[in-house]
Amino acid sequence: AVLASWLEELGLAEQLAPAGLPTYVRDGDQVRWRDPLSGEPLADDRLLELDAALRSVGDDPAHGVPVELVRLRREGRLRAALLDGGWLDYAGVAALRGVSENAARFAVHKAAERRALLLVQEQGRTLVPRFQLDEQGEVRAELLAVIEPLIAAKVDPWRTWIWLTSPAALLAGAVPHELARDPDEQPFVQRAAVALAERARPTRR
């Protein structure tokens with residue numbers, strides 16, 4: 001119950017399942033933890049391991065930070081914000097380009113195959129993040145060299161979308177896609193994208 005209360009105070013209890021960790025059901029003061037794979041009650045030693053893992057970041061375990069759950073919560077909030085009007089479907093791209101929806105679908109996937117356009121899958125839909133297109137629906141030229149290394153490195157599309165539209169530490173807190181509009185700054189955005197892509201690549205043994 002202590003671990004569950006701690007996570008509830010931090011607002012992180014709902015992030016357990018997305019992280020693939022054991023979850024629990026609360027009945028008053030009683031908390032029943034379940035193994036994520038078997039659904040069976042979690043053994044006491046496994047619960048102690050979970051508690052230690054979640055509190056492992058920080059000098060004092062009593063005030064540790066479950067970093068992975070914090071990251072998932074942040075990304076969840078950013079995803080919700082991006083889904084609120086930050087994307088186009090095929091019809092939206094077609095309207096900007098003045099072409100048929102079928103023509104827009106074909107062009108979108110051809111650009112994605114060339115690693116010139118970021119696409120994100122969400123509940124069976126293909127989303128085209130709006131920031132990467134100009135007013136005519138074409139990919140912004142200054143972003144081509146920024147997007148390509150991220151797609152080539154197979155960085156998670158959601159992570160790519162979030163990075164390109166959020167303040168980035170590698171760019172002193174500037175938003176990458178906005179900073180790239182400045183020709184003098186575009187090379188720095190490109191290098192930051194390459195650095196992110198390199199970190200995302202699997203380690204070769």
# chains A, B, ... in the order shown; residues from 1 in each chain; ligands from 1
$ select_by_dssp --residues "chain A" --states "helix (DSSP H, G or I)" --output "PyMOL selection string"
chain A and resi 2-10+13-15+44-54+61-63+67-83+90-97+101-113+130-132+141-152+157-165+169-171+176-179+186-200
$ write_last_selection --atoms "C-alpha atoms" --output "short mmCIF file (atom, residue, chain, number, x, y, z; two decimals), in the first residue's frame"
data_model
loop_
_atom_site.label_atom_id
_atom_site.label_comp_id
_atom_site.auth_asym_id
_atom_site.auth_seq_id
_atom_site.Cartn_x
_atom_site.Cartn_y
_atom_site.Cartn_z
CA VAL A 2 2.93 2.34 0.68
CA LEU A 3 4.28 1.98 -2.87
CA ALA A 4 0.84 2.48 -4.40
CA SER A 5 0.21 5.59 -2.29
CA TRP A 6 3.58 7.02 -3.31
CA LEU A 7 2.83 6.54 -7.00
CA GLU A 8 -0.63 8.04 -6.56
CA GLU A 9 0.83 11.10 -4.85
CA LEU A 10 3.18 11.55 -7.83
CA ALA A 13 0.01 5.10 -11.09
CA GLU A 14 -1.59 5.08 -14.56
CA GLN A 15 1.85 4.80 -16.18
CA ASP A 44 6.43 -10.24 -2.04
CA ASP A 45 10.01 -10.47 -3.31
CA ARG A 46 8.93 -9.18 -6.74
CA LEU A 47 7.12 -6.29 -5.08
CA LEU A 48 10.27 -5.39 -3.14
CA GLU A 49 12.27 -5.49 -6.39
CA LEU A 50 9.72 -3.21 -8.07
CA ASP A 51 9.85 -0.74 -5.18
CA ALA A 52 13.65 -0.67 -5.26
CA ALA A 53 13.74 -0.21 -9.03
CA LEU A 54 11.27 2.68 -9.01
CA PRO A 61 15.74 5.89 -1.84
CA ALA A 62 12.99 7.43 0.28
CA HIS A 63 12.83 10.28 -2.22
CA VAL A 67 12.17 8.33 -14.12
CA GLU A 68 10.66 5.98 -16.70
CA LEU A 69 7.14 6.62 -15.40
CA VAL A 70 7.76 10.39 -15.38
CA ARG A 71 8.96 10.17 -18.99
CA LEU A 72 5.89 8.18 -20.04
CA ARG A 73 3.57 10.67 -18.37
CA ARG A 74 5.30 13.59 -20.09
CA GLU A 75 5.18 11.89 -23.48
CA GLY A 76 1.51 11.04 -22.95
CA ARG A 77 0.69 14.67 -22.32
CA LEU A 78 2.73 15.81 -25.32
CA ARG A 79 1.05 13.24 -27.54
CA ALA A 80 -2.37 14.48 -26.47
CA ALA A 81 -1.34 18.05 -27.29
CA LEU A 82 0.03 17.06 -30.71
CA LEU A 83 -3.13 15.11 -31.55
CA TYR A 90 -4.68 12.46 -46.56
CA ALA A 91 -7.68 14.68 -47.20
CA GLY A 92 -6.01 17.54 -45.37
CA VAL A 93 -2.85 17.22 -47.45
CA ALA A 94 -4.96 16.97 -50.61
CA ALA A 95 -6.75 20.20 -49.74
CA LEU A 96 -3.47 22.06 -49.27
CA ARG A 97 -2.01 20.73 -52.51
CA GLU A 101 -7.04 12.38 -51.90
CA ASN A 102 -5.63 9.36 -53.75
CA ALA A 103 -2.90 11.53 -55.29
CA ALA A 104 -2.08 12.97 -51.86
CA ARG A 105 -1.90 9.47 -50.33
CA PHE A 106 0.48 8.31 -53.07
CA ALA A 107 2.71 11.38 -52.74
CA VAL A 108 2.79 11.17 -48.94
CA HIS A 109 3.96 7.56 -48.92
CA LYS A 110 6.49 8.16 -51.69
CA ALA A 111 7.99 11.01 -49.65
CA ALA A 112 8.03 8.81 -46.55
CA GLU A 113 9.88 6.08 -48.49
CA ARG A 130 1.54 19.52 -39.79
CA PHE A 131 4.72 21.37 -38.76
CA GLN A 132 6.78 19.79 -41.57
CA ALA A 141 13.02 22.26 -47.66
CA GLU A 142 14.97 23.24 -44.55
CA LEU A 143 13.66 20.17 -42.71
CA LEU A 144 14.67 17.55 -45.27
CA ALA A 145 18.18 17.10 -43.86
CA VAL A 146 16.79 17.19 -40.32
CA ILE A 147 14.10 14.54 -40.74
CA GLU A 148 16.12 12.10 -42.88
CA PRO A 149 18.69 10.96 -40.26
CA LEU A 150 15.95 10.43 -37.66
CA ILE A 151 13.89 8.25 -39.98
CA ALA A 152 17.00 6.41 -41.19
CA PRO A 157 8.07 8.43 -34.95
CA TRP A 158 6.30 9.77 -31.86
CA ARG A 159 9.64 10.58 -30.25
CA THR A 160 10.75 12.32 -33.46
CA TRP A 161 7.54 14.36 -33.60
CA ILE A 162 7.87 15.36 -29.96
CA TRP A 163 11.56 16.29 -30.31
CA LEU A 164 11.04 18.42 -33.41
CA THR A 165 8.20 20.40 -31.83
CA ALA A 169 18.39 20.78 -24.71
CA LEU A 170 20.81 20.26 -27.62
CA LEU A 171 19.62 23.59 -29.05
CA PRO A 176 14.02 22.46 -33.61
CA HIS A 177 11.54 22.93 -36.45
CA GLU A 178 11.15 26.63 -35.66
CA LEU A 179 14.90 27.24 -35.34
CA GLN A 186 19.55 25.21 -39.74
CA PRO A 187 22.96 23.43 -39.74
CA PHE A 188 22.90 23.31 -35.93
CA VAL A 189 19.43 21.74 -35.99
CA GLN A 190 20.65 19.19 -38.53
CA ARG A 191 23.65 18.28 -36.35
CA ALA A 192 21.41 17.95 -33.30
CA ALA A 193 19.13 15.61 -35.25
CA VAL A 194 22.13 13.50 -36.30
CA ALA A 195 23.28 13.34 -32.67
CA LEU A 196 19.83 12.20 -31.56
CA ALA A 197 19.77 9.62 -34.33
CA GLU A 198 23.17 8.26 -33.31
CA ARG A 199 22.03 7.85 -29.71
CA ALA A 200 18.96 5.98 -30.90
#
